[in-house]
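Everything below concerns the one structure shown next.
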Amino acid sequence: MSSRQLTMLLTLHYWGSALLGLPSMLIGLSGKDAWIPILISMVIQLLVIRLFVALFAQMNGESLGKFLMRTLGRMAGKIMLALYLFFVPFLIFVLTLRSLGDFTGNDLFIETPPSAIYIVMLFALVYCLYKGITAVGRSAEIAFPAALLLLLLLLLSLVHGAEWTSFLPVLEQGGQRVFQGIVIFVGYPNSEVALSLFLVPLLQDQSAYRRALLHSTWITSLALLLLTVLVIAVLGDKLPVNIPYVSQFAAKTVTIGGFYERIETVVTVLWFIVIFYRLILTFYISASGCAELFGVKQYKGLLIPLALASIPLALNAWDNPSVVGELNEVWYLNVFFFNLLCPLLWYIIHKLRFRTK
């Protein structure tokens, strides 16, 4: 996989459900200053990337499972790998699949059972991964320009109805709410850069890995910054808090000249593209990680069992969408532990252990 393919794949994964729901979360925490946490978090993320580049060098082309077993010992490494797999990529996969069902069930296919939507999407995911992750990386080179074009169309459409005085005065409610926004944005989606460690065997060039992480970070942050700014300028900082899919709602307000209006279809197509790559990346990591954990030679043999297991898990993830707000309040603790603290500990233990030897 080339650096360009990894950049596009990671960017599409980061955008995932963030383009639809993250602006509302940030505005709910930081109000009209929601753009400030994005800028600060981008700088923090660019510093954190140095840790993962250092881990890339330590892994020396190995898979993450082999690296953990070599660093922590065979048993401790397998336990760590199992905890990480089921509490990060597979959990993200199940929750994203449920979000897909909620979105389509509420706005698109109201009469369709969520399980039918899950089966159709899982069929596509299994088929694509049977072709291989490198084929998925190549497909990202086609999907990324299309997603970027749709995003630009949405942003340009929102400019017409923007009220730029909505941002004044800056920091009216102090810095505490801005700090809360920073915590959320660092936790989601930026901390998920740790998932790229599972793709290390596909990249043998450290500089290519570093470029992919840097470019995907600033592209993601810039896209979410522009979208959040325009949502605040169009809707203000009060209304979006109570709207789960604020980007789509903002698109419904677009009306130019009486003929160019209600472009929420653009948001829907864009979201389906990026949610597909978020699902396929986490699904691949879950399957390949489980294959290494249980000693299965080919991850493809685990695709169908994991897909079947994910359907009842997604159906029972929560009783109603209001639970998502409570989940977001504690989600950053999970990602901080597994995606930032754990990689830091792996790096330190590896460095101390092999320096001693």
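Going by the structure tokens order, chains are called A, B, ..., each with residues numbered from 1, while ligands are numbered from 1 in the order shown.
Shell of Ala251 of chain A at 8 Å, with only C-alpha atoms counted and residues fewer than 6 places along the chain excluded, is Leu154, Ser157, Leu158, Arg262, Ile263, Glu264 and Val267 of chain A.
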Where does segment 123-200 of chain A meet segment 78-92 of chain A within 10 Å, residue by residue, with the nearest atom pair and distance in Å to one decimal for each, counting only C-alpha atoms, listed by chain and rising number, as JSON lines?
{"residue": "A:Glu192", "atom": "CA", "partner": "A:Val88", "partner_atom": "CA", "distance": 8.7}
{"residue": "A:Ala194", "atom": "CA", "partner": "A:Val88", "partner_atom": "CA", "distance": 9.8}
{"residue": "A:Leu195", "atom": "CA", "partner": "A:Pro89", "partner_atom": "CA", "distance": 7.5}
Convert the current residue selection to file output with C-alpha atoms, as an mmCIF file, in the first residue's frame.
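Result file is part.cif:
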data_model
loop_
_atom_site.group_PDB
_atom_site.id
_atom_site.type_symbol
_atom_site.label_atom_id
_atom_site.label_comp_id
_atom_site.auth_asym_id
_atom_site.auth_seq_id
_atom_site.Cartn_x
_atom_site.Cartn_y
_atom_site.Cartn_z
ATOM 1 C CA GLU A 192 -7.822 6.501 16.146
ATOM 2 C CA ALA A 194 -3.413 4.015 16.553
ATOM 3 C CA LEU A 195 -5.408 1.724 14.254
#
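Atom CA of Leu199 of chain A is found 14.5 Å from atom CA of Tyr277 of chain A.
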>> Considering only strand (DSSP E or B) as DSSP defines it on the backbone, what residues of segment 120-285 of chain A qualify? List them as a ChimeraX atom specification.
In response: /A:255-256,260-261
Can those selected residues be exported to a file as a compact mmCIF listing (two decimals), in the first residue's frame so that it contains C-alpha atoms?
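Contents of the output file result10.txt:
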# COMPACT_ATOMS: atom_id res chain seq x y z
CA THR A 255 -31.84 27.85 -0.73
CA ILE A 256 -30.29 29.97 -3.48
CA TYR A 260 -30.89 25.48 -5.70
CA GLU A 261 -32.07 24.12 -2.35
Which residues of segment 9-105 of chain A have any atom within 8 Å of an atom in segment 333-352 of chain A when counting only C-alpha atoms, and what is the closest pair of atoms for each, with the distance in Å to one decimal? Order the rows by chain and rising number and write it as JSON lines.
{"residue": "A:Leu51", "atom": "CA", "partner": "A:Leu344", "partner_atom": "CA", "distance": 7.1}
{"residue": "A:Phe52", "atom": "CA", "partner": "A:Pro343", "partner_atom": "CA", "distance": 7.7}
{"residue": "A:Ala54", "atom": "CA", "partner": "A:Tyr347", "partner_atom": "CA", "distance": 7.7}
{"residue": "A:Leu55", "atom": "CA", "partner": "A:Tyr347", "partner_atom": "CA", "distance": 6.1}
{"residue": "A:Gln58", "atom": "CA", "partner": "A:His350", "partner_atom": "CA", "distance": 7.7}
{"residue": "A:Leu68", "atom": "CA", "partner": "A:Trp346", "partner_atom": "CA", "distance": 7.5}
{"residue": "A:Thr71", "atom": "CA", "partner": "A:His350", "partner_atom": "CA", "distance": 5.4}
{"residue": "A:Leu72", "atom": "CA", "partner": "A:Ile349", "partner_atom": "CA", "distance": 7.7}
{"residue": "A:Tyr84", "atom": "CA", "partner": "A:Phe338", "partner_atom": "CA", "distance": 6.6}
{"residue": "A:Phe87", "atom": "CA", "partner": "A:Asn334", "partner_atom": "CA", "distance": 7.9}
{"residue": "A:Val88", "atom": "CA", "partner": "A:Phe338", "partner_atom": "CA", "distance": 7.4}
> Where in segment 179-233 of chain A does DSSP assign alpha helix (DSSP H), given as a VMD selection string?
Replying inline: chain A and resid 179 to 187 206 to 233
Give me a file of those residues, with N, CA and C atoms, as an mmCIF file, in the first residue's frame.
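What follows is the written file result.cif:
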data_model
loop_
_atom_site.group_PDB
_atom_site.id
_atom_site.type_symbol
_atom_site.label_atom_id
_atom_site.label_comp_id
_atom_site.auth_asym_id
_atom_site.auth_seq_id
_atom_site.Cartn_x
_atom_site.Cartn_y
_atom_site.Cartn_z
ATOM 1 N N PHE A 179 -11.726 23.697 26.512
ATOM 2 C CA PHE A 179 -10.933 22.524 26.921
ATOM 3 C C PHE A 179 -11.742 21.243 26.769
ATOM 4 N N GLN A 180 -13.018 21.288 27.109
ATOM 5 C CA GLN A 180 -13.873 20.109 26.935
ATOM 6 C C GLN A 180 -13.962 19.704 25.463
ATOM 7 N N GLY A 181 -14.031 20.695 24.583
ATOM 8 C CA GLY A 181 -14.049 20.398 23.154
ATOM 9 C C GLY A 181 -12.742 19.783 22.681
ATOM 10 N N ILE A 182 -11.625 20.246 23.238
ATOM 11 C CA ILE A 182 -10.319 19.682 22.882
ATOM 12 C C ILE A 182 -10.261 18.206 23.259
ATOM 13 N N VAL A 183 -10.743 17.893 24.459
ATOM 14 C CA VAL A 183 -10.726 16.504 24.929
ATOM 15 C C VAL A 183 -11.530 15.608 23.993
ATOM 16 N N ILE A 184 -12.709 16.094 23.578
ATOM 17 C CA ILE A 184 -13.555 15.298 22.687
ATOM 18 C C ILE A 184 -12.889 15.100 21.329
ATOM 19 N N PHE A 185 -12.324 16.163 20.765
ATOM 20 C CA PHE A 185 -11.773 16.064 19.415
ATOM 21 C C PHE A 185 -10.492 15.236 19.390
ATOM 22 N N VAL A 186 -9.673 15.344 20.429
ATOM 23 C CA VAL A 186 -8.474 14.500 20.495
ATOM 24 C C VAL A 186 -8.872 13.034 20.651
ATOM 25 N N GLY A 187 -9.935 12.801 21.425
ATOM 26 C CA GLY A 187 -10.383 11.427 21.613
ATOM 27 C C GLY A 187 -11.069 10.840 20.393
ATOM 28 N N GLN A 206 9.281 4.055 6.411
ATOM 29 C CA GLN A 206 8.896 4.869 7.554
ATOM 30 C C GLN A 206 8.470 6.267 7.133
ATOM 31 N N SER A 207 9.149 6.844 6.167
ATOM 32 C CA SER A 207 8.793 8.188 5.714
ATOM 33 C C SER A 207 7.406 8.206 5.073
ATOM 34 N N ALA A 208 7.040 7.123 4.365
ATOM 35 C CA ALA A 208 5.711 7.037 3.758
ATOM 36 C C ALA A 208 4.645 6.961 4.844
ATOM 37 N N TYR A 209 4.917 6.215 5.892
ATOM 38 C CA TYR A 209 3.970 6.112 7.009
ATOM 39 C C TYR A 209 3.799 7.463 7.687
ATOM 40 N N ARG A 210 4.890 8.145 7.907
ATOM 41 C CA ARG A 210 4.832 9.460 8.555
ATOM 42 C C ARG A 210 4.053 10.455 7.704
ATOM 43 N N ARG A 211 4.296 10.461 6.400
ATOM 44 C CA ARG A 211 3.564 11.371 5.511
ATOM 45 C C ARG A 211 2.077 11.075 5.532
ATOM 46 N N ALA A 212 1.723 9.788 5.538
ATOM 47 C CA ALA A 212 0.310 9.413 5.546
ATOM 48 C C ALA A 212 -0.386 9.909 6.810
ATOM 49 N N LEU A 213 0.274 9.775 7.954
ATOM 50 C CA LEU A 213 -0.326 10.230 9.208
ATOM 51 C C LEU A 213 -0.458 11.749 9.229
ATOM 52 N N LEU A 214 0.568 12.445 8.786
ATOM 53 C CA LEU A 214 0.534 13.911 8.791
ATOM 54 C C LEU A 214 -0.553 14.446 7.859
ATOM 55 N N HIS A 215 -0.581 13.937 6.644
ATOM 56 C CA HIS A 215 -1.535 14.455 5.662
ATOM 57 C C HIS A 215 -2.976 14.127 6.053
ATOM 58 N N SER A 216 -3.214 12.900 6.528
ATOM 59 C CA SER A 216 -4.580 12.541 6.923
ATOM 60 C C SER A 216 -5.048 13.367 8.110
ATOM 61 N N THR A 217 -4.115 13.764 9.000
ATOM 62 C CA THR A 217 -4.486 14.565 10.172
ATOM 63 C C THR A 217 -4.917 15.965 9.771
ATOM 64 N N TRP A 218 -4.100 16.651 8.961
ATOM 65 C CA TRP A 218 -4.458 18.033 8.640
ATOM 66 C C TRP A 218 -5.649 18.101 7.680
ATOM 67 N N ILE A 219 -5.786 17.120 6.805
ATOM 68 C CA ILE A 219 -6.944 17.120 5.904
ATOM 69 C C ILE A 219 -8.231 16.920 6.705
ATOM 70 N N THR A 220 -8.202 15.960 7.640
ATOM 71 C CA THR A 220 -9.374 15.714 8.483
ATOM 72 C C THR A 220 -9.717 16.925 9.322
ATOM 73 N N SER A 221 -8.713 17.508 9.961
ATOM 74 C CA SER A 221 -8.951 18.662 10.842
ATOM 75 C C SER A 221 -9.474 19.857 10.050
ATOM 76 N N LEU A 222 -8.905 20.097 8.875
ATOM 77 C CA LEU A 222 -9.352 21.231 8.060
ATOM 78 C C LEU A 222 -10.792 21.042 7.605
ATOM 79 N N ALA A 223 -11.148 19.837 7.184
ATOM 80 C CA ALA A 223 -12.516 19.581 6.736
ATOM 81 C C ALA A 223 -13.519 19.793 7.869
ATOM 82 N N LEU A 224 -13.207 19.261 9.045
ATOM 83 C CA LEU A 224 -14.113 19.407 10.177
ATOM 84 C C LEU A 224 -14.147 20.846 10.684
ATOM 85 N N LEU A 225 -13.025 21.549 10.567
ATOM 86 C CA LEU A 225 -12.984 22.970 10.966
ATOM 87 C C LEU A 225 -13.918 23.793 10.083
ATOM 88 N N LEU A 226 -13.795 23.646 8.770
ATOM 89 C CA LEU A 226 -14.635 24.406 7.849
ATOM 90 C C LEU A 226 -16.109 24.059 8.026
ATOM 91 N N LEU A 227 -16.406 22.771 8.203
ATOM 92 C CA LEU A 227 -17.791 22.362 8.366
ATOM 93 C C LEU A 227 -18.383 22.921 9.660
ATOM 94 N N THR A 228 -17.616 22.855 10.749
ATOM 95 C CA THR A 228 -18.107 23.372 12.037
ATOM 96 C C THR A 228 -18.314 24.878 11.977
ATOM 97 N N VAL A 229 -17.376 25.592 11.371
ATOM 98 C CA VAL A 229 -17.495 27.047 11.250
ATOM 99 C C VAL A 229 -18.743 27.424 10.467
ATOM 100 N N LEU A 230 -18.992 26.736 9.373
ATOM 101 C CA LEU A 230 -20.151 27.073 8.545
ATOM 102 C C LEU A 230 -21.463 26.676 9.213
ATOM 103 N N VAL A 231 -21.459 25.594 9.969
ATOM 104 C CA VAL A 231 -22.672 25.212 10.699
ATOM 105 C C VAL A 231 -23.016 26.276 11.731
ATOM 106 N N ILE A 232 -22.008 26.765 12.459
ATOM 107 C CA ILE A 232 -22.245 27.834 13.438
ATOM 108 C C ILE A 232 -22.730 29.097 12.728
ATOM 109 N N ALA A 233 -22.107 29.426 11.595
ATOM 110 C CA ALA A 233 -22.478 30.640 10.872
ATOM 111 C C ALA A 233 -23.893 30.563 10.305
#
> With distances taken over only C-alpha atoms, which of A:Ile243, A:Val254, A:Leu122, A:Val330 is nearest to Leu303 of chain A?
Replying inline: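 Closest to Leu303 of chain A, using only C-alpha atoms: A:Leu122.
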> Quick one: distance from atom CA of Tyr284 of chain A to atom CA of Leu129 of chain A in Å, one decimal?
Replying inline: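 Separation of atom CA of Tyr284 of chain A and atom CA of Leu129 of chain A: 7.0 Å.
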>> I'd like the neighbourhood of Leu281 of chain A as a VMD selection string, where a residue qualifies if any of its atoms comes within 9 Å (using only C-alpha atoms), though same-chain residues fewer than 2 positions away should be ignored.
In response: chain A and resid 9 to 10 13 89 93 133 136 195 276 to 279 283 to 286
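Atom CA of Tyr14 of chain A is found 12.1 Å from atom CA of Thr96 of chain A.
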Considering only C-alpha atoms, give me a table of residues in segment 248-328 of chain A that are at most 9 Å from segment 112-120 of chain A, with the closest atom pair and distance in Å for each, as a Markdown table.
| residue | atom | partner | partner_atom | distance |
| --- | --- | --- | --- | --- |
| A:Ala307 | CA | A:Ile119 | CA | 8.5 |
| A:Leu308 | CA | A:Ile119 | CA | 8.7 |
| A:Ser310 | CA | A:Tyr118 | CA | 8.9 |
| A:Ile311 | CA | A:Tyr118 | CA | 6.7 |
| A:Pro312 | CA | A:Ser115 | CA | 8.4 |
| A:Ala314 | CA | A:Tyr118 | CA | 8.6 |
| A:Leu315 | CA | A:Ser115 | CA | 7.4 |
> Pick the closest to Thr165 of chain A from A:Val234, A:Ala147, A:Leu39, A:Leu202: which is it, counting only C-alpha atoms?
Replying inline: A:Val234
